[in-house]
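K.L.:
Here it is, the structure in full.
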Amino acid sequence: PFFVLGTFFLWFGWYGFNPGSTGKMHTKEVAYTASLVAVNTTLAPCVAGLLVFFLRARVVAPKRLDVGGFCNGILAGLVAITAGCAYVKPWESIIIGLIGGALYQATSMLMLKLKVDDVVDAVAVHGVNGLWAIIALGFFGDPAEGIGGNGVFYGGDQLGVQLVGSIAIIAWSGTISLALFVPLRKLGMLRLSDNFQDNGADMMEHTPSKAYNNSSAIVA
């Protein structure tokens with residue numbers, strides 16, 4: 001239940017983040033932009049979450065109803081639409097959300113296969129879908145609509161800009177991450193010990209120890 005509640009908290013906050021980024025609503029045009037953003041911020045996560053839920057229930061082993069996957073699918077859709085939320089039409093946001101959901105599921109499975117320790121699917125939700133969000137804006141968005149889109153599907157040239165931006169972001173964040181994480185790994189400070197993880201950080205270093213765990217026993 002806390003997983004679902006947290007997802008709704010994030011989704012609700014996204015309405016402040018995306019529509020609120022217009023910064024004002026004093027004219028009809030700006031109010032229309034904010035409303036368009038709100039609609040897109042609703043549709044993309046809906047379809048992304050439902051796609052992941054369907055795939056895990058009917059297609060991907062073990063073919064069970066996965067509420068956690070559903071919630072992460074919603075977050076993936078939110079990330080996927082954020083970059084282009086003000087520049088695409090609602091039907092385009094549905095396509096962006098569907099692709100975002102599929103990318104999330106594929107990446108989540110790949111991380112498991114590669115045995116990457118990503119317990120919250122951060123790479124699948126934020127990494128891959130953040131990249132997709134940037135690139136998607138290069139494909140979608142009709143200049144004729146007058147809302148700022150310039151996608152290649154409509155003869156625009158925005159895709160090149162989005163690709164260069166993506167490369168710059170990857171290079172910057174990758175360099176900074178390596179500079180921080182490599183020394184931490186060499187010092188043995190990058191991850192918690194196995195014993196610490198077996199017991200859980202809540203039990204080992206937080207107080208009260210029962211805040212998130214009904215059991216007071218600690219594994220020796």
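Numbering starts fresh at 1 for the residues of each chain in the structure tokens, the chains themselves are lettered A, B, ... in the order given, and ligands are numbered from 1 as they appear.
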Write out as an MDAnalysis selection string the residues lying within 10 Å of stretch 94-97 of chain A, counting only C-alpha atoms and excluding same-chain residues fewer than 5 positions away.

P.N.:
chainID A and resid 40:49 51 73:74 76:81 84 88:89 102:103 129 132:133 136:137 139:140

K.L.:
Kindly save the residues from that selection, with C-alpha atoms included, as a JSON list (two decimals), in the first residue's frame.

P.N.:
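The resulting file, part_16.json, is reproduced below:
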```json
[["chain", "number", "residue", "atom", "x", "y", "z"],
["A", 40, "ASN", "CA", -0.50, 14.83, -21.42],
["A", 41, "THR", "CA", 0.78, 14.29, -17.88],
["A", 42, "THR", "CA", -2.31, 12.14, -17.30],
["A", 43, "LEU", "CA", -2.45, 10.11, -20.50],
["A", 44, "ALA", "CA", 1.19, 9.03, -20.85],
["A", 45, "PRO", "CA", 1.54, 7.47, -17.37],
["A", 46, "CYS", "CA", -1.88, 5.82, -17.65],
["A", 47, "VAL", "CA", -1.03, 3.92, -20.82],
["A", 48, "ALA", "CA", 2.54, 3.17, -19.71],
["A", 49, "GLY", "CA", 1.38, 1.70, -16.40],
["A", 51, "LEU", "CA", 0.99, -1.71, -20.66],
["A", 73, "GLY", "CA", 5.26, 1.82, -15.34],
["A", 74, "ILE", "CA", 3.29, 4.90, -14.30],
["A", 76, "ALA", "CA", 8.14, 5.64, -16.52],
["A", 77, "GLY", "CA", 5.28, 7.26, -18.43],
["A", 78, "LEU", "CA", 5.59, 10.43, -16.36],
["A", 79, "VAL", "CA", 9.31, 10.64, -17.09],
["A", 80, "ALA", "CA", 8.76, 9.89, -20.78],
["A", 81, "ILE", "CA", 6.30, 12.75, -21.32],
["A", 84, "GLY", "CA", 7.67, 17.22, -24.52],
["A", 88, "VAL", "CA", 2.77, 17.44, -28.35],
["A", 89, "LYS", "CA", -0.91, 16.67, -28.78],
["A", 102, "ALA", "CA", 7.71, -0.92, -23.29],
["A", 103, "LEU", "CA", 11.19, 0.55, -22.77],
["A", 129, "ASN", "CA", 12.88, 6.92, -20.18],
["A", 132, "TRP", "CA", 13.48, 8.57, -24.55],
["A", 133, "ALA", "CA", 11.70, 11.74, -23.38],
["A", 136, "ALA", "CA", 10.76, 11.70, -28.47],
["A", 137, "LEU", "CA", 10.47, 15.46, -28.74],
["A", 139, "PHE", "CA", 10.00, 13.00, -33.51],
["A", 140, "PHE", "CA", 6.70, 14.43, -32.30]]
```

K.L.:
What does the structure give for the distance between atom CA of A:Ala34 and atom CA of A:Gly149, in Å to one decimal?

P.N.:
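If I compute the distance from atom CA of A:Ala34 to atom CA of A:Gly149, I get 15.3 Å.
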
K.L.:
Name all residues at most 12 Å from stretch 105-122 of chain A (count only C-alpha atoms; drop same-chain ones fewer than 3 positions away) and give them as a PyMOL selection string.

P.N.:
chain A and resi 3+48-56+59-61+66+68-77+79+98-102+125-130+190-192+197

K.L.:
As a PyMOL selection string, list the residues of stretch 71-211 of chain A assigned to alpha helix (DSSP H) by DSSP on the backbone atoms of this structure.

P.N.:
chain A and resi 71-82+90-113+122+129-139+158-186+194-199+201-205

K.L.:
What does the distance from atom CA of A:Ala38 to atom CA of A:Ala57 come to in Å, to one decimal?

P.N.:
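Those two atoms sit 28.9 Å apart.
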
K.L.:
Under the rule of at most 9 Å, produce a per-residue listing of stretch 34-143 of chain A near stretch 166-186 of chain A: chain, number, name, the closest pair of atoms, and the distance in Å, as JSON lines, using only C-alpha atoms.

P.N.:
```
{"residue": "A:Leu131", "atom": "CA", "partner": "A:Ser166", "partner_atom": "CA", "distance": 6.6}
{"residue": "A:Ile134", "atom": "CA", "partner": "A:Ser166", "partner_atom": "CA", "distance": 6.8}
{"residue": "A:Ile135", "atom": "CA", "partner": "A:Ser166", "partner_atom": "CA", "distance": 7.6}
```

K.L.:
Please measure the separation of atom CA of A:Ile147 and atom CA of A:Lys24, giving the value in Å to one decimal.

P.N.:
16.2 Å

K.L.:
Given only C-alpha atoms as the basis, pick out the residue of A:Val164, A:Ala86, A:Met203, A:Asp198 nearest to A:Val30.

P.N.:
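With only C-alpha atoms as the atom set, the closest residue is A:Ala86.
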
K.L.:
Which residue, A:Gly188, A:Gly200, A:Gly146, A:Pro62, has the smallest gap to A:Tyr32 when you use only C-alpha atoms?

P.N.:
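Going through A:Gly188, A:Gly200, A:Gly146, A:Pro62 one by one, the smallest distance to A:Tyr32 is for A:Gly146.
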